[in-house]
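Engineer: Sharing a structure below in structure tokens format, with a few things to ask.
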Amino acid sequence: MTSMHTSTLPTADDLRDRVRAALQAIGAHTALGEPGGPGLPASTPVTGDVLFAVPESTREDADAAITDAARAFQTWRVTPAPVRGALVSRLGELLVEHKADLATIVTAEAGKITSEALGEVQEMIDICQFAVGLSRQLYGKTIASERPGHRLMETWHPLGVVGVITAFNFPVAVWAWNTAVALVCGNTVVWKPSELTPLTAVACQALIERAADDVGAPRDVSRLVQGAREIGELLVDDPRVALVSATGSVRMGRQVGPRVAARFGKALLELGGNNAAIVTPSADLDLAVRGIVFSAAGTAGQRCTTMRRVIAHRSVVDTVIERVASAYRSLPVGDPSADGTLVGPLIHERSHRDMVAALDRARADGGEVTGGERVDLGEGAYYVRPAVVRMPGQTAVVHDETFAPILYVLTYDDLDEAIALNNAVPQGLSSAIFTTDMREAERFMAADGSDCGIANVNIGTSGAEIGGAFGGEKQTGGGRESGSDSWKAYMRRATNTVNYSSELPLAQGVTFG
Ligand code: UN1
């Protein structure tokens with residue numbers, strides 16, 4: 001069978017026109033400079049070209065953004081939460097209106113296929129709706145007091161400025177998870193996006209500013225700073241930034257966590273994953289293979305939730321490998337904006353180098369690699385066919401997160417062994433089991449089951465809904481974002497004891513004088 005791929009890519013000028021038109025519709029095209037001009041180069045993985053230059057923040061700009069956001073916090077924190085919700089509601093409406101525009105920029109800048117780019121914008125709309133509802137549900141508890149005539153309760157208050165640091169692979173949704181929730185909680189935000197995706201950031205900033213103007217909120221409730229690592233470090237080290245919510249590699253988290261802790265700031269870390277699916281003898285294999293292929297090859301393996309390992313029972317492992325490999329051979333690889341493409345480009349050359357190096361290591365460890373070759377569509381663009389690798393056991397390479405579509409397959413004989421393999425990696429983001437045996441499913445989700453923040457049954461590891469809390473354990477960093485009660489990470493809790501009696505009884509039966 002011949003490899004399927006879309007053989008032509010759009011030209012850099014095509015991409016420029018599309019991005020310019022989308023930014024024009026959003027009202028942010030004035031930020032575009034000529035490629036090679038001053039500012040941050042905004043490039044596309046689709047062809048490897050630099051499309052535009054985008055204004056870059058100086059250290060002084062970043063400092064001023066924090067000052068402005070800290071000032072805006074003074075009024076925003078006492079603005080009623082449902083009124084704050086109105087801003088997020090308007091942002092959600094603008095995102096509905098500009099869904100296709102923003103998706104076009106996501107595709108150009110992050111290389112996501114159209115359906116996934118639209119899905120990412122939908123994820124933003126979903127979190128806006130969630131946050132608007134939340135703006136009327138920031139509940140505190142009332143607690144039974146041990147003292148007569150006393151009431152004990154909890155109130156929740158905003159933290160201050162939230163620094164949001166995001167990665168290239170979800171260039172808009174992760175900003176929205178943080179910003180929508182942080183804003184309804186009464187915080188203000190300073191965002192430092194990946195330097196690989198400055199155009200999507202400019203678009204989001206234009207939309208939030210328009211939303212603020214439309215509802216009469218101060219623009220400074222959400223600021224954007226663009227640049228390389230030093231700009232992010234300013235957020236990490238500035239004591240005015242109460243919470244740093246950072247998404248990225250474990251290596252980045254190792255820097256951010258201790259630095260924020262050293263100044264007693266709060267950190268919310270969303271770091272690497274090494275997500276596995278266990279395929280049991282009772283699994284519905286049609287469903288399992290579809291779930292595996294979407295999670296392992298989707299987004300060209302560049303989600304933090306990407307499935308990187310399959311742990312298959314000995315009785316099904318051959319079939320699973322054969323079926324995944326066969327699906328991989330027919331996956332259309334190429335221009336992410338073309339109809340039918342399912343696998344777009346890797347973000348840059350380094351990703352490709354990392355993929356080649358990981359596959360070499362796997363081979364050296366006795367791994368049998370199928371796929372993984374480069375699909376040559378142009379010199380500066382890195383397209384690959386996803387790889388499936390049968391491993392003789394879990395060697396060091398299997399424990400690493402390589403941000404590319406490599407799926408290692410391990411074999412197990414009994415469920416305890418499969419769960420131990422699932423949990424053997426240093427990361428703990430997402431996991432799945434494919435089974436029709438309820439005992440196996442329940443065991444996987446029990447205290448001695450998966451140790452990950454996400455443990456799914458009969459769906460893949462990626463593509464979580466916003467309604468749940470999103471995040472993971474161990475080197476994934478422990479943070480939770482998005483739905484459920486993740487909002488509590490963006491607020492501080494005060495315990496209030498109110499005495500409405502005319503006595504002053506002391507707790508614990510203490511008498512004093
Ligand atoms: C990420 O890769 O950083 O669950 C976020 C998912 C998406 C979010 C991924 N909803 O795959």
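In the structure tokens, each chain is lettered A, B, ... as it comes, each chain's residues begin at 1, and ligands are numbered from 1 in order of appearance.
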Can I get the residues close to ligand 1 as a ChimeraX atom specification, where close means within 9 Å and we count only C-alpha atoms and all ligand atoms?
Structural biologist: /A:119-120,123,166-171,173-174,247-248,270-273,295,302-306,430,461-466,470-471
Engineer: Would you mind exporting N, CA, C and O atoms of the selected residues as a compact mmCIF listing (two decimals), in the first residue's frame?
Structural biologist:
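Heads up, here's the output in selection-v1.txt:
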```txt
# COMPACT_ATOMS: atom_id res chain seq x y z
N GLY A 119 -11.98 22.61 17.17
CA GLY A 119 -12.25 22.00 18.48
C GLY A 119 -11.57 22.77 19.59
O GLY A 119 -12.13 22.94 20.68
N GLU A 120 -10.38 23.25 19.31
CA GLU A 120 -9.69 24.02 20.35
C GLU A 120 -10.43 25.32 20.65
O GLU A 120 -10.56 25.72 21.82
N GLU A 123 -13.36 24.57 22.70
CA GLU A 123 -12.98 24.37 24.09
C GLU A 123 -12.94 25.71 24.83
O GLU A 123 -13.29 25.81 26.01
N THR A 166 1.79 29.73 28.69
CA THR A 166 1.20 28.63 27.92
C THR A 166 2.17 28.10 26.87
O THR A 166 3.16 28.75 26.52
N ALA A 167 1.84 26.92 26.37
CA ALA A 167 2.71 26.21 25.41
C ALA A 167 2.14 26.35 23.99
O ALA A 167 1.00 26.76 23.82
N PHE A 168 2.95 25.95 23.00
CA PHE A 168 2.53 26.12 21.60
C PHE A 168 1.38 25.21 21.21
O PHE A 168 0.62 25.52 20.30
N ASN A 169 1.24 24.06 21.90
CA ASN A 169 0.38 23.02 21.34
C ASN A 169 -1.10 23.26 21.58
O ASN A 169 -1.93 22.75 20.84
N PHE A 170 -1.44 24.00 22.62
CA PHE A 170 -2.81 24.48 22.80
C PHE A 170 -2.71 25.99 22.98
O PHE A 170 -2.85 26.52 24.07
N PRO A 171 -2.45 26.69 21.88
CA PRO A 171 -2.06 28.09 22.00
C PRO A 171 -3.19 29.01 22.46
O PRO A 171 -2.92 30.10 22.94
N ALA A 173 -6.63 27.53 23.84
CA ALA A 173 -7.55 26.94 24.83
C ALA A 173 -7.01 27.05 26.25
O ALA A 173 -7.75 27.36 27.19
N VAL A 174 -5.71 26.84 26.41
CA VAL A 174 -5.17 26.84 27.78
C VAL A 174 -5.20 28.25 28.36
O VAL A 174 -5.48 28.45 29.55
N THR A 247 1.99 26.00 31.87
CA THR A 247 1.83 24.76 31.10
C THR A 247 3.07 24.58 30.25
O THR A 247 3.48 25.52 29.55
N GLY A 248 3.68 23.41 30.30
CA GLY A 248 4.88 23.19 29.48
C GLY A 248 5.58 21.92 29.92
O GLY A 248 4.96 21.00 30.48
N GLU A 270 1.13 22.41 35.01
CA GLU A 270 0.52 21.47 34.07
C GLU A 270 1.63 21.03 33.15
O GLU A 270 1.89 21.68 32.14
N LEU A 271 2.35 19.96 33.52
CA LEU A 271 3.58 19.63 32.82
C LEU A 271 3.40 18.37 31.96
O LEU A 271 2.30 18.09 31.53
N GLY A 272 4.47 17.66 31.75
CA GLY A 272 4.42 16.57 30.77
C GLY A 272 3.53 15.40 31.16
O GLY A 272 3.15 15.23 32.31
N GLY A 273 3.22 14.61 30.15
CA GLY A 273 2.46 13.38 30.37
C GLY A 273 3.17 12.23 29.69
O GLY A 273 4.04 12.43 28.84
N SER A 295 -5.85 9.22 19.89
CA SER A 295 -5.05 9.79 20.97
C SER A 295 -3.55 9.77 20.68
O SER A 295 -2.81 10.60 21.19
N GLN A 302 1.32 15.75 19.59
CA GLN A 302 1.82 16.92 20.32
C GLN A 302 0.80 17.46 21.33
O GLN A 302 0.67 18.67 21.51
N ARG A 303 0.06 16.58 21.96
CA ARG A 303 -0.76 17.01 23.10
C ARG A 303 -0.08 16.52 24.37
O ARG A 303 0.59 15.48 24.35
N CYS A 304 -0.32 17.21 25.47
CA CYS A 304 0.20 16.66 26.72
C CYS A 304 -0.55 15.39 27.08
O CYS A 304 -0.06 14.56 27.84
N THR A 305 -1.75 15.23 26.49
CA THR A 305 -2.55 14.02 26.74
C THR A 305 -2.34 12.94 25.68
O THR A 305 -3.04 11.92 25.71
N THR A 306 -1.44 13.17 24.74
CA THR A 306 -1.19 12.18 23.69
C THR A 306 -0.89 10.81 24.30
O THR A 306 -0.14 10.71 25.27
N SER A 430 -2.55 11.39 32.14
CA SER A 430 -3.77 10.72 31.68
C SER A 430 -3.51 9.23 31.48
O SER A 430 -2.37 8.79 31.32
N THR A 461 -6.77 8.65 25.83
CA THR A 461 -6.21 9.47 26.91
C THR A 461 -6.39 10.97 26.67
O THR A 461 -6.25 11.76 27.60
N SER A 462 -6.65 11.35 25.43
CA SER A 462 -6.72 12.79 25.09
C SER A 462 -8.16 13.20 24.87
O SER A 462 -9.08 12.39 24.88
N GLY A 463 -8.33 14.51 24.66
CA GLY A 463 -9.66 15.00 24.30
C GLY A 463 -10.60 15.13 25.48
O GLY A 463 -11.80 14.90 25.36
N ALA A 464 -10.07 15.54 26.63
CA ALA A 464 -10.91 15.72 27.81
C ALA A 464 -11.89 16.88 27.62
O ALA A 464 -11.61 17.84 26.93
N GLU A 465 -13.05 16.75 28.25
CA GLU A 465 -14.02 17.85 28.26
C GLU A 465 -13.63 18.87 29.31
O GLU A 465 -12.99 18.52 30.30
N ILE A 466 -14.09 20.11 29.14
CA ILE A 466 -13.70 21.16 30.10
C ILE A 466 -14.42 21.03 31.45
O ILE A 466 -14.00 21.66 32.42
N PHE A 470 -8.75 19.25 35.09
CA PHE A 470 -7.72 18.76 34.17
C PHE A 470 -6.34 18.93 34.78
O PHE A 470 -5.96 20.03 35.16
N GLY A 471 -5.60 17.83 34.85
CA GLY A 471 -4.24 17.92 35.35
C GLY A 471 -3.79 16.56 35.84
O GLY A 471 -4.53 15.58 35.73
```
Engineer: With a distance cut-off of 7 Å and only C-alpha atoms, select the neighbouring residues of Val161 in chain A, excluding the residue or stretch itself and same-chain residues fewer than 4 positions from it, and output the selection as a PDB file with N, CA, C and O atoms, in the first residue's frame.
Structural biologist:
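The file below, around-v9.pdb, is the result:
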```pdb
ATOM      1  N   ALA A  69      -2.081  45.468  35.539  1.00  0.00           N
ATOM      2  CA  ALA A  69      -2.991  44.398  35.971  1.00  0.00           C
ATOM      3  C   ALA A  69      -3.204  44.465  37.486  1.00  0.00           C
ATOM      4  O   ALA A  69      -4.307  44.216  37.982  1.00  0.00           O
ATOM      5  N   ALA A  70      -2.138  44.814  38.213  1.00  0.00           N
ATOM      6  CA  ALA A  70      -2.266  44.920  39.679  1.00  0.00           C
ATOM      7  C   ALA A  70      -3.187  46.092  40.031  1.00  0.00           C
ATOM      8  O   ALA A  70      -3.983  46.002  40.975  1.00  0.00           O
ATOM      9  N   ASN A 187      -9.686  37.870  39.693  1.00  0.00           N
ATOM     10  CA  ASN A 187      -8.270  38.134  39.457  1.00  0.00           C
ATOM     11  C   ASN A 187      -8.094  38.907  38.158  1.00  0.00           C
ATOM     12  O   ASN A 187      -8.990  38.952  37.319  1.00  0.00           O
ATOM     13  N   THR A 188      -6.927  39.457  37.973  1.00  0.00           N
ATOM     14  CA  THR A 188      -6.548  39.970  36.669  1.00  0.00           C
ATOM     15  C   THR A 188      -5.409  39.087  36.150  1.00  0.00           C
ATOM     16  O   THR A 188      -4.789  38.345  36.918  1.00  0.00           O
ATOM     17  N   VAL A 189      -5.185  39.149  34.846  1.00  0.00           N
ATOM     18  CA  VAL A 189      -4.308  38.164  34.203  1.00  0.00           C
ATOM     19  C   VAL A 189      -3.210  38.844  33.398  1.00  0.00           C
ATOM     20  O   VAL A 189      -3.462  39.854  32.728  1.00  0.00           O
ATOM     21  N   ARG A 240       4.259  40.521  42.867  1.00  0.00           N
ATOM     22  CA  ARG A 240       2.888  40.994  42.621  1.00  0.00           C
ATOM     23  C   ARG A 240       2.058  39.947  41.886  1.00  0.00           C
ATOM     24  O   ARG A 240       0.838  40.084  41.796  1.00  0.00           O
ATOM     25  N   VAL A 241       2.714  38.940  41.337  1.00  0.00           N
ATOM     26  CA  VAL A 241       1.982  37.880  40.637  1.00  0.00           C
ATOM     27  C   VAL A 241       1.675  36.784  41.668  1.00  0.00           C
ATOM     28  O   VAL A 241       2.547  36.033  42.100  1.00  0.00           O
ATOM     29  N   ALA A 242       0.401  36.730  42.066  1.00  0.00           N
ATOM     30  CA  ALA A 242       0.027  35.869  43.187  1.00  0.00           C
ATOM     31  C   ALA A 242       0.029  34.398  42.809  1.00  0.00           C
ATOM     32  O   ALA A 242       0.347  33.530  43.619  1.00  0.00           O
ATOM     33  N   LEU A 243      -0.363  34.128  41.584  1.00  0.00           N
ATOM     34  CA  LEU A 243      -0.421  32.735  41.112  1.00  0.00           C
ATOM     35  C   LEU A 243       0.234  32.669  39.739  1.00  0.00           C
ATOM     36  O   LEU A 243      -0.065  33.496  38.870  1.00  0.00           O
TER      37      LEU A 243
END
```
Engineer: Tell me which of A:Phe512, A:Trp76, A:Phe444, A:Tyr500 sits closest to Leu159 in chain A, counting only C-alpha atoms.
Structural biologist: A:Trp76
Engineer: Determine which residues of range 354-500 of chain A DSSP labels as strand (DSSP E) from the backbone of this structure, then write them out as a ChimeraX atom specification.
Structural biologist: /A:368-371,374-375,383-384,387-390,406-412,427-428,430-434,454-457,469-470,473-474,481-482,491-499
Engineer: Using only C-alpha atoms, determine which residues lie at most 8 Å from Ile292 in chain A, disregarding the query and same-chain residues fewer than 3 positions distant; provide the list as a PyMOL selection string.
Structural biologist: chain A and resi 277+288-289+295-296+307+324+460
Engineer: With C-alpha atoms retained, export the selected residues as a compact mmCIF listing (two decimals), in the first residue's frame.
Structural biologist:
```
# COMPACT_ATOMS: atom_id res chain seq x y z
CA ALA A 277 -3.90 2.72 27.55
CA ALA A 288 -9.89 0.43 21.23
CA VAL A 289 -8.03 0.84 17.94
CA SER A 295 -5.05 9.79 20.97
CA ALA A 296 -1.65 8.65 19.66
CA MET A 307 -1.17 8.42 24.15
CA VAL A 324 -2.80 0.29 14.65
CA GLY A 460 -8.45 7.35 24.73
```
